[in-house]
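Next up, run.cif (mmCIF, C-alpha atoms and all ligand atoms):
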```cif
data_my_file
#
loop_
_atom_site.label_atom_id
_atom_site.label_comp_id
_atom_site.auth_asym_id
_atom_site.auth_seq_id
_atom_site.Cartn_x
_atom_site.Cartn_y
_atom_site.Cartn_z
CA MET A 1 167.17 -95.67 67.39
CA PRO A 2 164.13 -94.87 69.54
CA PRO A 3 162.63 -91.47 68.77
CA SER A 4 164.18 -88.79 70.92
CA ARG A 5 161.93 -87.50 73.63
CA PRO A 6 162.16 -84.14 75.35
CA LYS A 7 164.25 -84.42 78.49
CA PRO A 8 161.97 -84.53 81.54
CA PRO A 9 162.58 -81.60 83.86
CA ALA A 10 164.84 -82.28 86.84
CA PRO A 11 162.79 -83.08 89.93
CA LEU A 12 162.16 -80.01 92.03
CA GLU A 13 163.83 -81.75 94.96
CA ALA A 14 167.14 -81.68 93.03
CA LEU A 15 167.17 -77.90 92.49
CA THR A 16 169.72 -76.09 94.63
CA VAL A 17 169.44 -72.98 96.76
CA PRO A 18 171.24 -70.01 95.17
CA PRO A 19 173.41 -67.69 97.29
CA LEU A 20 171.14 -65.00 98.71
CA ASP A 21 172.51 -61.50 98.97
CA ARG A 22 169.48 -59.89 100.54
CA VAL A 23 166.51 -60.98 102.66
CA ASP A 24 163.64 -58.81 103.92
CA LEU A 25 160.40 -59.44 105.80
CA VAL A 26 157.73 -56.90 104.99
CA THR A 27 154.24 -56.64 106.46
CA VAL A 28 151.62 -54.90 104.35
CA LYS A 29 148.03 -54.00 105.12
CA LEU A 30 145.47 -53.67 102.34
CA PRO A 31 141.85 -52.72 102.99
CA PHE A 32 139.23 -55.15 101.67
CA VAL A 33 136.55 -53.70 99.41
CA ALA A 34 134.03 -55.27 101.82
CA PRO A 35 134.27 -57.23 105.09
CA PHE A 36 134.76 -61.00 104.62
CA GLY A 37 132.61 -62.90 107.11
CA THR A 38 132.98 -66.55 108.12
CA SER A 39 131.77 -68.67 111.04
CA VAL A 40 135.09 -68.03 112.79
CA HIS A 41 135.83 -64.35 112.17
CA VAL A 42 135.06 -61.28 110.06
CA TRP A 43 138.12 -59.86 108.32
CA THR A 44 138.05 -56.25 107.10
CA GLU A 45 141.58 -55.98 105.75
CA LYS A 46 144.41 -58.17 104.53
CA GLU A 47 147.52 -58.14 106.66
CA ALA A 48 150.15 -60.09 104.75
CA LEU A 49 153.69 -61.05 105.70
CA LEU A 50 155.92 -60.91 102.62
CA LEU A 51 159.36 -62.39 102.13
CA ARG A 52 161.68 -60.67 99.67
CA LEU A 53 164.70 -62.62 98.47
CA GLY A 54 167.49 -61.09 96.42
CA ALA A 55 170.18 -63.02 94.57
CA GLY A 56 172.53 -61.64 91.97
CA GLY A 57 170.25 -58.81 90.89
CA VAL A 58 167.14 -61.01 90.82
CA THR A 59 164.35 -60.29 93.31
CA ALA A 60 161.67 -62.80 94.31
CA TRP A 61 158.65 -62.07 96.49
CA SER A 62 156.59 -64.60 98.36
CA GLU A 63 153.55 -64.21 100.58
CA CYS A 64 152.79 -66.06 103.79
CA VAL A 65 149.11 -67.04 103.81
CA SER A 66 148.66 -66.72 107.58
CA ASP A 67 146.39 -64.10 109.09
CA PRO A 68 147.38 -61.79 111.94
CA ASP A 69 145.09 -63.91 114.16
CA PRO A 70 144.78 -67.67 114.87
CA PHE A 71 141.04 -67.91 114.11
CA TYR A 72 141.26 -69.93 110.87
CA PHE A 73 144.62 -71.65 111.53
CA TYR A 74 147.07 -71.82 114.43
CA GLU A 75 149.82 -69.97 112.57
CA THR A 76 149.76 -66.19 112.61
CA ASN A 77 151.87 -63.55 110.93
CA GLY A 78 153.65 -63.24 114.26
CA THR A 79 154.45 -66.96 114.59
CA ALA A 80 155.41 -67.16 110.92
CA ARG A 81 157.88 -64.28 111.31
CA HIS A 82 159.36 -65.96 114.40
CA ILE A 83 159.67 -69.38 112.75
CA ILE A 84 161.00 -68.02 109.44
CA LYS A 85 163.57 -65.78 111.10
CA GLU A 86 164.79 -67.94 113.96
CA PHE A 87 164.43 -71.47 112.58
CA LEU A 88 163.95 -71.69 108.80
CA LEU A 89 166.19 -69.06 107.22
CA PRO A 90 169.25 -70.30 109.17
CA LEU A 91 168.75 -73.67 107.40
CA VAL A 92 168.82 -72.05 103.94
CA GLU A 93 172.37 -72.48 102.70
CA PRO A 94 173.55 -72.09 99.12
CA GLY A 95 174.07 -75.41 97.38
CA THR A 96 171.51 -77.23 99.53
CA THR A 97 168.98 -79.08 97.38
CA LEU A 98 165.32 -78.26 97.90
CA GLY A 99 164.83 -81.91 98.88
CA GLU A 100 167.47 -81.58 101.60
CA LEU A 101 166.00 -78.28 102.67
CA GLU A 102 162.55 -79.85 103.05
CA GLU A 103 164.09 -82.55 105.21
CA ARG A 104 165.82 -79.95 107.36
CA PHE A 105 162.56 -78.02 107.64
CA GLY A 106 161.02 -81.29 108.89
CA HIS A 107 162.92 -80.79 112.14
CA VAL A 108 160.50 -77.91 112.78
CA ARG A 109 157.13 -79.44 113.61
CA GLY A 110 154.15 -77.92 111.83
CA HIS A 111 154.28 -74.27 110.75
CA GLY A 112 153.62 -75.19 107.14
CA MET A 113 152.66 -71.63 106.21
CA ALA A 114 156.05 -70.36 107.35
CA LYS A 115 157.83 -73.17 105.50
CA ALA A 116 155.80 -72.54 102.34
CA THR A 117 156.77 -68.87 102.38
CA VAL A 118 160.48 -69.70 102.26
CA GLU A 119 160.17 -72.60 99.81
CA ASN A 120 157.94 -70.65 97.44
CA GLY A 121 160.29 -67.67 97.55
CA LEU A 122 163.19 -69.91 96.55
CA LEU A 123 161.18 -71.55 93.76
CA VAL A 124 160.18 -68.16 92.36
CA LEU A 125 163.80 -67.02 92.59
CA LEU A 126 164.97 -70.13 90.70
CA ALA A 127 162.26 -69.67 88.07
CA LEU A 128 163.30 -66.04 87.55
CA ASP A 129 166.93 -67.05 87.41
CA GLN A 130 166.20 -69.64 84.71
CA GLY A 131 163.85 -67.30 82.85
CA LEU A 132 160.97 -69.76 83.26
CA PRO A 133 157.37 -69.19 84.32
CA LEU A 134 156.89 -70.81 87.74
CA HIS A 135 154.53 -73.49 86.37
CA GLU A 136 157.23 -74.58 83.91
CA LEU A 137 159.79 -74.87 86.67
CA LEU A 138 157.21 -76.97 88.54
CA GLY A 139 156.99 -79.15 85.42
CA PHE A 140 153.51 -78.36 84.12
CA PRO A 141 152.41 -76.88 80.80
CA ALA A 142 150.38 -73.68 80.72
CA ARG A 143 146.63 -73.98 80.83
CA LYS A 144 143.76 -71.69 81.64
CA ILE A 145 142.62 -71.95 85.25
CA MET A 146 139.00 -72.35 86.34
CA SER A 147 137.62 -69.62 88.57
CA GLY A 148 135.65 -69.79 91.78
CA LEU A 149 134.29 -67.21 94.17
CA SER A 150 134.03 -67.51 97.95
CA ILE A 151 131.15 -65.40 99.23
CA GLY A 152 131.30 -64.45 102.90
CA LEU A 153 128.38 -64.45 105.33
CA LYS A 154 125.84 -61.77 104.49
CA ASP A 155 123.29 -59.90 106.60
CA SER A 156 120.27 -61.26 104.73
CA PRO A 157 119.38 -63.95 102.18
CA ASP A 158 118.53 -61.15 99.72
CA GLU A 159 122.04 -59.74 100.03
CA LEU A 160 123.46 -63.21 99.54
CA VAL A 161 121.37 -63.87 96.43
CA ALA A 162 122.49 -60.50 95.03
CA ALA A 163 126.14 -61.46 95.56
CA VAL A 164 125.58 -64.81 93.85
CA GLU A 165 123.86 -62.98 90.98
CA ARG A 166 126.95 -60.82 90.47
CA ALA A 167 129.18 -63.91 90.53
CA ALA A 168 127.03 -65.78 88.02
CA ALA A 169 126.94 -62.74 85.72
CA LYS A 170 130.74 -62.58 85.76
CA GLY A 171 130.93 -66.22 84.71
CA TYR A 172 132.54 -67.80 87.77
CA HIS A 173 132.72 -71.57 87.31
CA ARG A 174 131.43 -72.23 90.80
CA VAL A 175 130.23 -70.29 93.77
CA LYS A 176 130.99 -71.08 97.39
CA MET A 177 128.93 -69.56 100.15
CA LYS A 178 129.97 -69.49 103.78
CA VAL A 179 127.50 -71.00 106.23
CA LYS A 180 127.27 -71.25 109.98
CA LYS A 181 124.77 -72.64 112.48
CA GLY A 182 121.49 -70.77 112.04
CA GLN A 183 122.56 -69.31 108.70
CA ASP A 184 122.51 -72.33 106.43
CA VAL A 185 119.55 -74.34 105.09
CA ASP A 186 117.22 -71.40 104.44
CA TRP A 187 120.04 -69.36 102.92
CA VAL A 188 121.07 -72.16 100.57
CA ARG A 189 117.42 -72.62 99.63
CA ALA A 190 117.16 -68.91 98.73
CA VAL A 191 120.17 -69.22 96.40
CA ARG A 192 118.93 -72.49 94.89
CA ARG A 193 115.49 -71.03 94.18
CA ARG A 194 117.11 -68.33 92.05
CA PHE A 195 119.89 -70.56 90.59
CA PRO A 196 118.68 -74.19 90.41
CA ALA A 197 121.66 -75.42 88.35
CA LEU A 198 124.57 -73.20 89.46
CA PRO A 199 127.63 -75.17 90.62
CA LEU A 200 127.29 -74.31 94.31
CA MET A 201 129.00 -75.39 97.52
CA VAL A 202 129.07 -74.35 101.16
CA ASP A 203 131.93 -73.86 103.64
CA ALA A 204 131.22 -74.09 107.38
CA ASN A 205 134.80 -73.61 108.66
CA GLY A 206 134.15 -76.25 111.29
CA ASP A 207 131.02 -74.78 112.86
CA TYR A 208 129.07 -78.04 113.32
CA ALA A 209 129.31 -81.17 115.46
CA LEU A 210 128.23 -84.76 114.80
CA ALA A 211 125.20 -84.01 116.97
CA ASP A 212 124.02 -81.73 114.10
CA LEU A 213 123.76 -84.73 111.76
CA ASP A 214 120.01 -84.48 111.16
CA HIS A 215 120.35 -80.78 110.43
CA LEU A 216 123.30 -81.26 108.06
CA LYS A 217 121.35 -83.95 106.19
CA ARG A 218 118.87 -81.27 105.17
CA LEU A 219 121.59 -79.81 102.94
CA ASP A 220 121.48 -83.00 100.83
CA GLU A 221 118.39 -81.81 98.95
CA PHE A 222 120.22 -78.91 97.24
CA GLY A 223 122.57 -80.81 94.94
CA LEU A 224 125.63 -79.07 96.34
CA MET A 225 129.02 -79.90 94.84
CA MET A 226 130.34 -80.37 98.37
CA ILE A 227 130.21 -79.19 101.94
CA GLU A 228 133.59 -77.92 103.08
CA GLN A 229 134.87 -78.58 106.62
CA PRO A 230 131.54 -79.09 108.38
CA LEU A 231 133.12 -80.41 111.61
CA SER A 232 136.05 -79.35 113.77
CA TYR A 233 139.29 -78.00 112.30
CA SER A 234 141.14 -80.73 114.22
CA ASP A 235 138.99 -83.70 113.21
CA ILE A 236 139.26 -86.34 110.53
CA TYR A 237 137.55 -89.37 112.11
CA GLU A 238 134.15 -87.81 112.81
CA HIS A 239 134.07 -86.53 109.24
CA SER A 240 134.31 -90.18 108.13
CA LEU A 241 131.22 -90.99 110.20
CA LEU A 242 129.41 -87.96 108.78
CA GLN A 243 130.39 -88.71 105.17
CA LYS A 244 128.71 -92.15 105.46
CA GLU A 245 125.44 -90.41 106.37
CA LEU A 246 125.52 -87.66 103.73
CA ARG A 247 124.87 -87.88 100.00
CA THR A 248 126.75 -84.60 99.53
CA SER A 249 130.53 -84.95 99.28
CA ILE A 250 132.57 -83.63 102.16
CA CYS A 251 135.65 -81.55 101.32
CA LEU A 252 138.32 -81.13 103.99
CA ASP A 253 140.19 -77.85 104.38
CA GLU A 254 141.42 -77.06 107.92
CA SER A 255 141.99 -80.75 108.81
CA ILE A 256 144.61 -81.34 106.10
CA HIS A 257 148.10 -80.17 107.06
CA GLY A 258 150.05 -82.43 104.73
CA LEU A 259 150.16 -85.63 102.74
CA ALA A 260 149.80 -87.84 105.84
CA ASP A 261 146.52 -86.14 106.78
CA ALA A 262 145.24 -86.51 103.22
CA ALA A 263 146.15 -90.21 103.25
CA THR A 264 144.37 -90.67 106.61
CA ALA A 265 141.28 -88.85 105.35
CA LEU A 266 141.13 -90.93 102.17
CA ALA A 267 141.73 -94.21 104.03
CA LEU A 268 138.92 -93.42 106.48
CA GLY A 269 136.58 -92.10 103.80
CA ALA A 270 136.39 -88.79 105.64
CA CYS A 271 136.00 -86.79 102.43
CA ARG A 272 135.63 -87.21 98.69
CA ILE A 273 137.32 -83.92 97.82
CA VAL A 274 140.37 -82.14 99.22
CA ASN A 275 141.00 -78.40 99.38
CA ILE A 276 144.74 -77.85 98.93
CA LYS A 277 145.96 -74.55 100.28
CA GLN A 278 149.61 -74.50 99.40
CA GLY A 279 150.49 -72.63 102.58
CA ARG A 280 148.50 -74.85 104.94
CA VAL A 281 150.21 -78.00 103.60
CA GLY A 282 153.74 -76.55 103.67
CA GLY A 283 154.35 -75.38 100.13
CA LEU A 284 154.16 -76.09 96.44
CA MET A 285 156.12 -79.35 96.47
CA ALA A 286 153.84 -80.83 99.17
CA SER A 287 150.77 -79.55 97.29
CA ILE A 288 151.86 -81.27 94.09
CA ARG A 289 152.43 -84.55 95.98
CA ILE A 290 149.02 -84.39 97.65
CA ALA A 291 147.31 -83.62 94.34
CA ARG A 292 149.07 -86.59 92.74
CA TYR A 293 148.16 -88.89 95.65
CA CYS A 294 144.52 -87.84 95.54
CA ALA A 295 144.36 -88.30 91.75
CA GLU A 296 145.76 -91.82 92.15
CA HIS A 297 142.97 -92.50 94.64
CA GLY A 298 140.20 -91.01 92.51
CA VAL A 299 139.73 -87.96 94.73
CA ASP A 300 139.33 -84.50 93.22
CA VAL A 301 141.32 -81.58 94.58
CA TRP A 302 141.09 -77.84 94.18
CA SER A 303 143.23 -74.91 95.16
CA GLY A 304 142.02 -73.04 98.22
CA GLY A 305 142.66 -69.37 98.75
CA MET A 306 143.46 -67.14 101.69
CA ASP A 307 142.27 -63.91 100.09
CA GLU A 308 145.87 -63.36 99.08
CA THR A 309 147.41 -60.29 97.50
CA GLY A 310 148.51 -60.62 93.88
CA ILE A 311 151.66 -62.46 94.99
CA GLY A 312 149.90 -65.38 96.67
CA ARG A 313 147.10 -65.31 94.10
CA ALA A 314 149.66 -65.81 91.32
CA VAL A 315 151.23 -68.74 93.21
CA ASN A 316 147.80 -70.40 93.44
CA ILE A 317 147.27 -69.87 89.70
CA HIS A 318 150.59 -71.49 88.78
CA LEU A 319 149.91 -74.39 91.17
CA GLN A 320 146.64 -75.17 89.41
CA THR A 321 148.49 -76.21 86.27
CA ALA A 322 149.55 -79.33 88.24
CA ASP A 323 147.93 -82.72 87.59
CA GLY A 324 144.97 -83.46 89.81
CA PHE A 325 143.49 -79.96 90.15
CA THR A 326 140.23 -81.00 88.53
CA LEU A 327 137.78 -78.64 90.22
CA PRO A 328 137.47 -74.85 90.23
CA GLY A 329 139.13 -73.45 93.34
CA ASP A 330 138.94 -70.26 95.38
CA THR A 331 140.69 -68.20 92.74
CA SER A 332 138.73 -65.04 92.08
CA GLU A 333 139.32 -61.65 90.52
CA THR A 334 141.58 -59.29 92.43
CA SER A 335 138.74 -56.75 92.50
CA ASN A 336 136.70 -59.10 94.68
CA TYR A 337 139.03 -58.18 97.54
CA PHE A 338 141.05 -55.10 96.62
CA ASP A 339 140.61 -51.80 94.81
CA GLU A 340 144.37 -51.63 94.46
CA ASP A 341 146.64 -54.64 94.83
CA ILE A 342 150.41 -54.55 95.32
CA ALA A 343 151.01 -56.62 92.16
CA ASP A 344 150.17 -56.00 88.52
CA PRO A 345 148.34 -57.01 86.44
CA PRO A 346 145.27 -57.83 88.53
CA VAL A 347 143.55 -61.18 88.08
CA VAL A 348 140.52 -60.91 85.80
CA LEU A 349 138.18 -63.51 84.31
CA ASP A 350 138.00 -63.93 80.56
CA ALA A 351 134.67 -64.09 78.70
CA ASP A 352 134.35 -67.79 79.61
CA GLY A 353 135.18 -67.32 83.27
CA PHE A 354 138.73 -68.64 82.97
CA ILE A 355 141.89 -67.11 84.40
CA GLY A 356 145.03 -66.94 82.27
CA ILE A 357 148.47 -67.59 83.68
CA PRO A 358 150.28 -64.27 83.95
CA PRO A 359 152.95 -64.56 81.23
CA GLY A 360 156.64 -64.16 81.86
CA PRO A 361 159.29 -65.61 84.14
CA GLY A 362 158.63 -66.35 87.81
CA LEU A 363 155.13 -65.45 88.96
CA GLY A 364 154.52 -63.34 85.85
CA VAL A 365 153.24 -60.47 87.96
CA ALA A 366 155.20 -57.37 88.89
CA VAL A 367 155.29 -56.33 92.53
CA VAL A 368 154.92 -52.54 92.48
CA ALA A 369 157.55 -51.12 94.85
CA GLU A 370 155.74 -47.84 95.41
CA ARG A 371 152.55 -49.64 96.47
CA VAL A 372 154.42 -52.01 98.80
CA LEU A 373 156.10 -49.01 100.42
CA ARG A 374 152.78 -47.22 100.80
CA ARG A 375 151.08 -50.31 102.30
CA ALA A 376 154.00 -51.43 104.47
CA VAL A 377 153.46 -51.30 108.23
CA SER A 378 156.82 -52.92 108.99
CA TRP A 379 160.00 -53.60 107.06
CA GLU A 380 162.73 -55.75 108.54
CA ARG A 381 165.97 -56.34 106.67
CA LEU A 382 167.50 -59.66 107.72
CA ALA A 383 170.46 -59.92 105.36
O1 LIG A 401 137.92 -71.49 104.64
O2 LIG A 401 138.55 -71.37 102.62
C1 LIG A 401 138.44 -70.85 103.72
C2 LIG A 401 139.55 -67.19 103.48
C3 LIG A 401 140.25 -67.07 104.67
C4 LIG A 401 140.32 -68.13 105.53
C5 LIG A 401 139.69 -69.33 105.22
C6 LIG A 401 138.99 -69.48 104.04
C7 LIG A 401 138.89 -68.37 103.17
C8 LIG A 401 138.09 -68.36 101.95
C9 LIG A 401 138.44 -67.34 100.91
O3 LIG A 401 137.11 -69.05 101.81
C10 LIG A 401 139.17 -67.88 99.79
C11 LIG A 401 139.66 -66.83 98.82
O4 LIG A 401 138.84 -66.24 98.12
O5 LIG A 401 140.86 -66.60 98.75
MG MG A 402 137.49 -73.42 103.83
#
```

Will you turn the file into structure tokens for me?
Amino acid sequence: MPPSRPKPPAPLEALTVPPLDRVDLVTVKLPFVAPFGTSVHVWTEKEALLLRLGAGGVTAWSECVSDPDPFYFYETNGTARHIIKEFLLPLVEPGTTLGELEERFGHVRGHGMAKATVENGLLVLLALDQGLPLHELLGFPARKIMSGLSIGLKDSPDELVAAVERAAAKGYHRVKMKVKKGQDVDWVRAVRRRFPALPLMVDANGDYALADLDHLKRLDEFGLMMIEQPLSYSDIYEHSLLQKELRTSICLDESIHGLADAATALALGACRIVNIKQGRVGGLMASIRIARYCAEHGVDVWSGGMDETGIGRAVNIHLQTADGFTLPGDTSETSNYFDEDIADPPVVLDADGFIGIPPGPGLGVAVVAERVLRRAVSWERLA
């Protein structure tokens, strides 16, 4: 008799949709502790579209990672509401497998953030129903998650260095600084002078063009972990030309909307690292597939963030237990964005800079009804 092995978990695609007895779309607004500046926009608050699913006394929340505006990505909270309500939720029928549901969702082109919101809500609901932490439902054992901070554009290099100082003192495993044309080489140099060995990277959110090649090459001297999305949000090919000219690894963010884009980017050599934002690529199942594909091709991935509330932040934490997430991502302490979040407990770093998985079934965080009500700017009951 061969030794008995633990039964592998059923593939996620085989899980079935439970009968839903209640569905709500809720929009909340939470002020940021400080404005978050990038090359494409400065955000001063978080407006988040939340989906609340109820089934047999169990309630699951999920957060759409879109912004109210289309400045980072084409989806907005308005388009996500439209797509979820008119096109996705009507496809959610009890007994449908998640694999079938994904196929049905494929009839809707794009709109991965909207799709992710529904799929993640169902996965959290199933995890709660089975009494499992989300990462266990996904099939991955618990592990501590590496932390990373994304520092927005600042008014002066001194202010930037001060922000990096605070991050280093907290023990963040890596620091990302936003850059844009005219606010790059000298600003990186200022940080490097103070922190010669800090794991450091930059994110341009697509602010440069190939014509800036000679300028971008100047970033090579700083030993950066990577430069994230230097060229257009819609480009992959030109990144492959740029990567050949740079020593620093390119990481793609905006350009990757799913596994096919990741495969194209890897085949062209357009990047050596991929930022997986579960919403941008259409959900947790797609994220896990991309991470696996990248690992098979020797490419590191990390979990991007969209300055989420505690709901989306917890999803990103659970996702990072998956194979392939080898680099610290944009998972920071709640207090970096909010004085008061809508979920408890807040994310905090331990003494070594790690983030623990919130224990308990589902996301492991409790959505505080009173805070959601206080922060809600709209509440639409759909079923
Ligand atoms: O480009 O990664 C990005 C936030 C909003 C939109 C785009 C980006 C970001 C971040 C912040 O960099 C990540 C986070 O801390 O959640
Ligand atoms: Mg980015």

Taking all atoms listed in the file and a cut-off of 10 Å, can you tell me which residues surround ligand MG 402 (chain A), written as number ranges by chain? A: 38, 72, 150, 176, 178, 202-206, 227-230, 233, 251-255, 275-277, 304-306, 330

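Using only C-alpha atoms and all ligand atoms, the smallest distance between any of A:Ala142, A:Leu50, A:Leu149, A:Ala366 and ligand LIG 401 (chain A) comes from A:Leu149.
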
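Taking atom CA of A:Lys217 and atom CA of A:Gly329 as the two end points, the separation is 24.3 Å.
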
When you look at A:Gly54 with a cut-off of 7 Å (counting only C-alpha atoms), what residues show up, excluding the ones that are within fewer than 3 positions of it in the same chain? I need them as a list in words. Leu20, Asp21, Arg22, Val23, Gly57, Val58, Thr59 and Ala60 of chain A

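Checking A:Thr76, A:Thr27, A:Gln130, A:Ser378 one by one against ligand LIG 401 (chain A), counting only C-alpha atoms and all ligand atoms, you find the shortest gap at A:Thr76.
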
Excluding stretch 312-328 of chain A and residues on its chain fewer than 4 positions from it, collect all residues at most 6 Å away from it, counting only C-alpha atoms, and give them as a PyMOL selection string. chain A and resi 63+135+140+146-148+291-292+295+300-302+308+363

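Note that the spacing between atom CA of A:Arg280 and atom CA of A:Asp261 amounts to 11.6 Å.
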
Closest to ligand LIG 401 (chain A) among A:Val175, A:Val118, A:Leu259, A:Ala55, using only C-alpha atoms and all ligand atoms? A:Val175

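Our summary of the geometry notes that atom CA of A:Val185 is positioned 29.4 Å from atom CA of A:Gly298.
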
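Counting only C-alpha atoms and all ligand atoms and comparing A:Ile256, A:Met177, A:Leu88, A:Ala197, the residue that lies closest to ligand LIG 401 (chain A) is A:Met177.
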
Considering only C-alpha atoms, can you say which of A:Ala262, A:Ala116, A:Phe105, A:Ala267 comes closest to A:Arg289? A:Ala262

Scan for residues within 12 Å of the point (163.0, -56.8, 112.8) in the coordinates of the file, using only C-alpha atoms, and reply as a CSV table (one decimal) with C-alpha atoms, in the frame of the given file.
```csv
chain,number,residue,atom,x,y,z
A,23,VAL,CA,166.5,-61.0,102.7
A,24,ASP,CA,163.6,-58.8,103.9
A,25,LEU,CA,160.4,-59.4,105.8
A,26,VAL,CA,157.7,-56.9,105.0
A,27,THR,CA,154.2,-56.6,106.5
A,78,GLY,CA,153.6,-63.2,114.3
A,81,ARG,CA,157.9,-64.3,111.3
A,82,HIS,CA,159.4,-66.0,114.4
A,84,ILE,CA,161.0,-68.0,109.4
A,85,LYS,CA,163.6,-65.8,111.1
A,86,GLU,CA,164.8,-67.9,114.0
A,377,VAL,CA,153.5,-51.3,108.2
A,378,SER,CA,156.8,-52.9,109.0
A,379,TRP,CA,160.0,-53.6,107.1
A,380,GLU,CA,162.7,-55.8,108.5
A,381,ARG,CA,166.0,-56.3,106.7
A,382,LEU,CA,167.5,-59.7,107.7
A,383,ALA,CA,170.5,-59.9,105.4
```

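Closest to ligand LIG 401 (chain A) among A:Phe354, A:Tyr337, A:Phe32, A:Tyr293 is A:Tyr337, based on all atoms listed in the file.
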
Please tell me which residues are no farther than 12 Å from (123.1, -82.5, 111.6) in the file, counting all atoms listed in the file, and write them as JSON, numbers by chain. {"A": [181, 182, 184, 185, 207, 208, 209, 210, 211, 212, 213, 214, 215, 216, 217, 218, 219, 220, 230, 231, 239, 241, 242, 243, 245, 246]}

9 Å contact set for A:Ala127, all atoms listed in the file, chain neighbours under 3 positions out, as a PyMOL selection string: chain A and resi 122-124+130-138+361-363
